[in-house]
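Colleague: I have a structure I would like to understand better, so I am pasting it below and will then ask my questions one at a time.
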Amino acid sequence: MKPDLFQSPDYYLLDDLLSEEHKLVRDAARAWVKKEVSPIIEDYAQRAEFPKQIVKGLGEIGGFGPYIPVEYGGAGLDQISYGLIMQEIERGDSGVRSTSSVQSSLVMYPIWKYGNEAQRMKYLPKLATGEMIGCFGLTEPNYGSDPGSMISNFKDMGDHYLLNGAKMWISNSPFADIAIVWAKNEEGRIHGLIVERGMEGFTTPETHNKWSLRASATGELIFDNVKVPKENLLPNKSGLGAPLGCLDSARYGIAWGAIGAAMDCYDTALRYSKERIQFDKPIGATQLQQKKLAEMITEITKAQLLTWRLGVLRNEGRATTAQISMAKRNNVDMALTIARDARQMLGGMGITGEYSIMRHMMNLESVVTYEGTHDIHLLITGMDITGLSAFK
């Protein structure tokens with residue numbers, strides 16, 4: 001088992017822009033990843049299994065709803081702290097960060113923002129510690145980028161709702177205790193429902209044979225005449241804007257997380273370039289390898305500046321959906337490019353589990369697709385700058 005020698009790049013001295021609390025939060029998450037994730041993650045990825053024993057630790061470092069107010073079990077941290085935690089967790093593995101950001105932004109966030117006080121008190125404290133795990137049901141077999149056309153629906157049966165439909169590509173679903181499910185009422189209006197494991201007709205089959213996010217549990221949500229208590233409806237927001245508001249928070253976390261994956265690939269390639277000798281000198285002394293490394297650190301630095309500024313705007317309540325889209329698309333694309341270049345620098349060793357690069361590369365192929373594909377985010381930016389929609 002190789003030690004985690006990661007050293008975080010900070011080419012533009014961006015630590016100067018962070019508060020002492022930011023750095024303490026980040027360093028605690030980094031130390032936890034080095035101790036609890038790095039030593040085991042390659043083995044779990046090879047076995048395509050989620051390491052459930054890390055859930056408690058994720059809660060302890062603020063990996064679940066760090067910006068949720070303290071009275072509901074959260075840490076009450078700001079948006080930059082949330083981003084830094086996602087960065088450090090994804091430096092360990094994108095699948096582990098997926099578990100964390102789904103819990104934070106797609107489960108705790110809608111209960112906090114769209115739920116009532118009884119729902120907040122019932123669910124949020126247990127979600128914050130990891131005692132309870134949640135998932136988010138929006139994507140359906142026939143509708144991914146077009147969630148407004150969803151088929152899942154519920155009917156008012158007097159003393160309860162009757163839910164039918166199916167969701168797929170759902171992180172955490174195989175072992176989640178609750179699901180935040182988006183479905184249409186009889187008037188076609190989208191609402192969020194809290195569906196609990198054990199409700200009759202609710203099943204969560206696992207998705208197997210993934211080449212990506214192998215250390216993350218992915219599955220489906222199947223609803224066959226599920227009776228949902230009326231008190232489980234999220235009352236404070238409806239329409240497509242409700243789930244999209246959750247996705248804004250999650251996409252923001254992804255923008256930070258992708259930097260972590262890129263940093264890990266860069267750091268691995270930089271270290272290897274100094275150790276690998278070919279033609280009587282380290283490969284890091286050759287022009288083409290220096291070109292790759294110089295471009296990597298440049299792109300990481302640009303992404304760091306982008307997310308830091310976005311974090312400031314989020315703290316001020318001024319960040320727009322389109323700004324978040326730009327950061328998600330740019331940073332994931334940046335991380336994928338760095339992962340591919342780093343893999344080439346390591347040659348054949350780059351495809352093995354001896355190093356993290358190929359695992360990051362495969363994971364990022366999911367990250368570039370989920371929560372808004374690369375192309376969809378380009379169209380969101382395009383619509384924002386032209387005022388013209390290309391979606392319909």
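Residues are named by chain letter and number: chains run A, B, ... in the order of the structure tokens, numbers start at 1 in each chain, and ligands are numbered from 1 in the order shown.
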I'd like the neighbourhood of A:Trp32 as a list in words, where a residue qualifies if any of its atoms comes within 10 Å (using only C-alpha atoms), though same-chain residues fewer than 6 positions away should be ignored.
Modeller: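 In the requested form, the answer reads Arg26, Ser38, Ile54, Gly57, Leu58, Glu60, Ile61, Glu88, Ile89 and Gly92 of chain A.
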Colleague: Please return, as a PyMOL selection string, all residues of stretch 134-335 of chain A that DSSP assigns to helix (DSSP H, G or I) on the basis of the backbone.
Modeller: chain A and resi 147-149+173-175+230-232+241-275+283-285+287-315+321-335
Colleague: Counting only C-alpha atoms, what is within 12 Å of stretch 115-117 of chain A, bar same-chain residues fewer than 4 positions away, as a PyMOL selection string?
Modeller: chain A and resi 71-72+107-111+121-124+180+191-194+231-238+242
Colleague: Once you have the residues from the selection above, write them out as an mmCIF file, in the first residue's frame, restricted to N, CA, C and O atoms.
Modeller:
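Writing done, so here's again18.cif:
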data_model
loop_
_atom_site.group_PDB
_atom_site.id
_atom_site.type_symbol
_atom_site.label_atom_id
_atom_site.label_comp_id
_atom_site.auth_asym_id
_atom_site.auth_seq_id
_atom_site.Cartn_x
_atom_site.Cartn_y
_atom_site.Cartn_z
ATOM 1 N N GLU A 71 -28.460 24.562 13.801
ATOM 2 C CA GLU A 71 -29.653 24.073 14.500
ATOM 3 C C GLU A 71 -30.259 22.836 13.840
ATOM 4 O O GLU A 71 -31.041 22.113 14.453
ATOM 5 N N TYR A 72 -29.864 22.566 12.593
ATOM 6 C CA TYR A 72 -30.341 21.362 11.909
ATOM 7 C C TYR A 72 -29.247 20.302 11.782
ATOM 8 O O TYR A 72 -29.392 19.344 11.020
ATOM 9 N N VAL A 107 -30.167 16.290 -1.350
ATOM 10 C CA VAL A 107 -31.055 15.725 -0.331
ATOM 11 C C VAL A 107 -31.261 16.728 0.811
ATOM 12 O O VAL A 107 -32.380 17.159 1.090
ATOM 13 N N MET A 108 -30.157 17.138 1.453
ATOM 14 C CA MET A 108 -30.285 18.072 2.580
ATOM 15 C C MET A 108 -30.737 19.455 2.114
ATOM 16 O O MET A 108 -31.573 20.096 2.774
ATOM 17 N N TYR A 109 -30.192 19.925 0.996
ATOM 18 C CA TYR A 109 -30.542 21.268 0.506
ATOM 19 C C TYR A 109 -32.045 21.412 0.249
ATOM 20 O O TYR A 109 -32.670 22.376 0.729
ATOM 21 N N PRO A 110 -32.695 20.490 -0.502
ATOM 22 C CA PRO A 110 -34.138 20.679 -0.730
ATOM 23 C C PRO A 110 -34.984 20.542 0.533
ATOM 24 O O PRO A 110 -36.001 21.228 0.656
ATOM 25 N N ILE A 111 -34.565 19.680 1.467
ATOM 26 C CA ILE A 111 -35.315 19.592 2.724
ATOM 27 C C ILE A 111 -35.189 20.901 3.493
ATOM 28 O O ILE A 111 -36.166 21.421 4.058
ATOM 29 N N MET A 121 -36.321 19.014 11.007
ATOM 30 C CA MET A 121 -35.903 18.441 12.289
ATOM 31 C C MET A 121 -35.868 16.911 12.246
ATOM 32 O O MET A 121 -35.060 16.279 12.930
ATOM 33 N N LYS A 122 -36.731 16.318 11.451
ATOM 34 C CA LYS A 122 -36.789 14.862 11.376
ATOM 35 C C LYS A 122 -35.600 14.277 10.626
ATOM 36 O O LYS A 122 -35.034 13.250 11.037
ATOM 37 N N TYR A 123 -35.210 14.926 9.534
ATOM 38 C CA TYR A 123 -34.230 14.309 8.636
ATOM 39 C C TYR A 123 -32.825 14.923 8.699
ATOM 40 O O TYR A 123 -31.826 14.203 8.636
ATOM 41 N N LEU A 124 -32.720 16.247 8.774
ATOM 42 C CA LEU A 124 -31.416 16.888 8.580
ATOM 43 C C LEU A 124 -30.351 16.478 9.595
ATOM 44 O O LEU A 124 -29.206 16.212 9.202
ATOM 45 N N ILE A 180 -35.260 11.824 -2.356
ATOM 46 C CA ILE A 180 -36.010 13.021 -2.743
ATOM 47 C C ILE A 180 -36.422 12.800 -4.195
ATOM 48 O O ILE A 180 -35.584 12.798 -5.098
ATOM 49 N N HIS A 191 -43.393 18.274 -8.206
ATOM 50 C CA HIS A 191 -43.220 18.446 -6.764
ATOM 51 C C HIS A 191 -42.169 17.464 -6.258
ATOM 52 O O HIS A 191 -41.901 16.434 -6.886
ATOM 53 N N GLY A 192 -41.596 17.776 -5.104
ATOM 54 C CA GLY A 192 -40.658 16.879 -4.454
ATOM 55 C C GLY A 192 -41.338 16.093 -3.344
ATOM 56 O O GLY A 192 -42.117 16.651 -2.559
ATOM 57 N N LEU A 193 -41.054 14.796 -3.287
ATOM 58 C CA LEU A 193 -41.605 13.917 -2.266
ATOM 59 C C LEU A 193 -40.468 13.204 -1.549
ATOM 60 O O LEU A 193 -39.484 12.795 -2.182
ATOM 61 N N ILE A 194 -40.586 13.049 -0.241
ATOM 62 C CA ILE A 194 -39.602 12.273 0.518
ATOM 63 C C ILE A 194 -40.117 10.843 0.607
ATOM 64 O O ILE A 194 -41.135 10.574 1.256
ATOM 65 N N GLU A 231 -47.601 14.255 4.525
ATOM 66 C CA GLU A 231 -46.620 15.106 5.200
ATOM 67 C C GLU A 231 -45.226 14.981 4.598
ATOM 68 O O GLU A 231 -44.306 15.705 4.978
ATOM 69 N N ASN A 232 -45.036 14.064 3.631
ATOM 70 C CA ASN A 232 -43.744 13.893 2.985
ATOM 71 C C ASN A 232 -43.594 14.720 1.715
ATOM 72 O O ASN A 232 -42.577 14.634 1.028
ATOM 73 N N LEU A 233 -44.589 15.522 1.380
ATOM 74 C CA LEU A 233 -44.474 16.444 0.252
ATOM 75 C C LEU A 233 -43.675 17.670 0.686
ATOM 76 O O LEU A 233 -43.941 18.244 1.752
ATOM 77 N N LEU A 234 -42.681 18.079 -0.108
ATOM 78 C CA LEU A 234 -41.944 19.315 0.181
ATOM 79 C C LEU A 234 -42.847 20.491 -0.193
ATOM 80 O O LEU A 234 -43.159 20.681 -1.374
ATOM 81 N N PRO A 235 -43.267 21.313 0.777
ATOM 82 C CA PRO A 235 -44.350 22.272 0.517
ATOM 83 C C PRO A 235 -43.939 23.629 -0.040
ATOM 84 O O PRO A 235 -44.787 24.352 -0.566
ATOM 85 N N ASN A 236 -42.669 23.987 0.069
ATOM 86 C CA ASN A 236 -42.312 25.394 -0.132
ATOM 87 C C ASN A 236 -41.823 25.764 -1.526
ATOM 88 O O ASN A 236 -41.520 26.930 -1.775
ATOM 89 N N LYS A 237 -41.738 24.806 -2.438
ATOM 90 C CA LYS A 237 -41.393 25.151 -3.815
ATOM 91 C C LYS A 237 -41.812 24.009 -4.728
ATOM 92 O O LYS A 237 -41.642 22.835 -4.386
ATOM 93 N N SER A 238 -42.343 24.350 -5.898
ATOM 94 C CA SER A 238 -42.711 23.347 -6.893
ATOM 95 C C SER A 238 -42.309 23.843 -8.267
ATOM 96 O O SER A 238 -41.789 24.953 -8.415
ATOM 97 N N ALA A 242 -37.536 23.928 -8.831
ATOM 98 C CA ALA A 242 -37.184 23.364 -7.529
ATOM 99 C C ALA A 242 -36.010 22.390 -7.632
ATOM 100 O O ALA A 242 -34.982 22.592 -6.978
#
Colleague: Restricting the calculation to only C-alpha atoms: of A:Gly347, A:Pro3, A:Gly219, A:Gly95, which residue gets closest to A:His360?
Modeller: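 Closest residue, counting only C-alpha atoms: A:Gly95.
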Colleague: Quick one: residues within 8 Å of stretch 195-203 of chain A, only C-alpha atoms, excluding same-chain residues fewer than 5 positions away - as a short mmCIF file (atom, residue, chain, number, x, y, z; two decimals) with N, CA, C and O atoms, in the first residue's frame?
Modeller:
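What landed in part25.cif:
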data_model
loop_
_atom_site.label_atom_id
_atom_site.label_comp_id
_atom_site.auth_asym_id
_atom_site.auth_seq_id
_atom_site.Cartn_x
_atom_site.Cartn_y
_atom_site.Cartn_z
N ALA A 176 -29.61 3.86 0.12
CA ALA A 176 -30.18 5.10 0.68
C ALA A 176 -31.37 4.79 1.58
O ALA A 176 -32.16 3.89 1.31
N ASP A 177 -31.49 5.56 2.65
CA ASP A 177 -32.63 5.43 3.56
C ASP A 177 -33.82 6.23 3.07
O ASP A 177 -34.97 5.85 3.32
N ILE A 178 -33.55 7.35 2.39
CA ILE A 178 -34.64 8.17 1.83
C ILE A 178 -34.25 8.61 0.42
O ILE A 178 -33.07 8.63 0.06
N ALA A 179 -35.27 8.95 -0.37
CA ALA A 179 -35.05 9.50 -1.70
C ALA A 179 -35.89 10.76 -1.85
O ALA A 179 -37.07 10.77 -1.48
N ILE A 180 -35.26 11.82 -2.36
CA ILE A 180 -36.01 13.02 -2.74
C ILE A 180 -36.42 12.80 -4.20
O ILE A 180 -35.58 12.80 -5.10
N VAL A 181 -37.71 12.57 -4.40
CA VAL A 181 -38.21 12.14 -5.71
C VAL A 181 -39.04 13.27 -6.32
O VAL A 181 -39.92 13.84 -5.66
N GLU A 220 -31.26 2.34 -9.50
CA GLU A 220 -32.53 2.86 -9.98
C GLU A 220 -33.45 3.11 -8.77
O GLU A 220 -33.19 2.65 -7.66
N LEU A 221 -34.53 3.82 -9.04
CA LEU A 221 -35.62 3.97 -8.09
C LEU A 221 -36.89 3.54 -8.81
O LEU A 221 -37.23 4.12 -9.85
N ILE A 222 -37.57 2.54 -8.30
CA ILE A 222 -38.79 2.03 -8.92
C ILE A 222 -39.96 2.26 -7.97
O ILE A 222 -39.90 1.89 -6.80
N PHE A 223 -41.03 2.87 -8.49
CA PHE A 223 -42.21 3.17 -7.68
C PHE A 223 -43.42 2.48 -8.29
O PHE A 223 -43.86 2.84 -9.39
N ASP A 224 -43.93 1.50 -7.60
CA ASP A 224 -45.08 0.73 -8.06
C ASP A 224 -46.21 0.89 -7.06
O ASP A 224 -46.31 0.17 -6.07
N ASN A 225 -47.06 1.90 -7.32
CA ASN A 225 -48.16 2.22 -6.41
C ASN A 225 -47.68 2.42 -4.97
O ASN A 225 -48.19 1.81 -4.02
N VAL A 226 -46.67 3.27 -4.82
CA VAL A 226 -46.11 3.55 -3.49
C VAL A 226 -47.00 4.56 -2.77
O VAL A 226 -47.27 5.65 -3.28
N LYS A 227 -47.43 4.20 -1.57
CA LYS A 227 -48.23 5.11 -0.76
C LYS A 227 -47.29 6.03 0.02
O LYS A 227 -46.54 5.58 0.88
N VAL A 228 -47.34 7.32 -0.31
CA VAL A 228 -46.48 8.31 0.33
C VAL A 228 -47.34 9.20 1.23
O VAL A 228 -48.31 9.80 0.76
N ASN A 232 -45.04 14.06 3.63
CA ASN A 232 -43.74 13.89 2.99
C ASN A 232 -43.59 14.72 1.71
O ASN A 232 -42.58 14.63 1.03
#
Colleague: Please return, as a ChimeraX atom specification, all residues of stretch 54-272 of chain A that DSSP assigns to strand (DSSP E or B) on the basis of the backbone.
Modeller: /A:134-137,153-156,160-171,178-184,190-196,202-203,206,218-229,233
Colleague: Taking into account only C-alpha atoms, which residue in the set A:Val367, A:Ala28, A:Met132, A:Leu306 is nearest to A:Leu14?
Modeller: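 Looking at the shortest contact to A:Leu14, the residue is A:Leu306.
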Colleague: Find the residue from A:Ala75, A:Ala319, A:Leu5, A:Glu21 that sits nearest to A:Lys35; use only C-alpha atoms when measuring.
Modeller: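 Answer, going by the shortest atom-to-atom distance: A:Leu5.
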Colleague: For A:Lys23, which residue out of A:Ile324, A:Leu84, A:Gly76, A:Phe64 is the nearest one, using only C-alpha atoms?
Modeller: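 Looking only at the distances to A:Lys23, the closest residue turns out to be A:Leu84.
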Colleague: Hey, what's within 10 Å of A:Gly74 if we count only C-alpha atoms and toss same-chain stuff fewer than 2 positions away? As a list in words, please?
Modeller: Gly59, Gly62, Gly63, Phe64, Gly65, Pro66, Tyr67, Ile68, Pro69, Val70, Glu71, Tyr72, Gly76, Leu77, Ser104, Met108, Leu124, Pro125, Lys126, Leu127, Ala128 and Thr129 of chain A
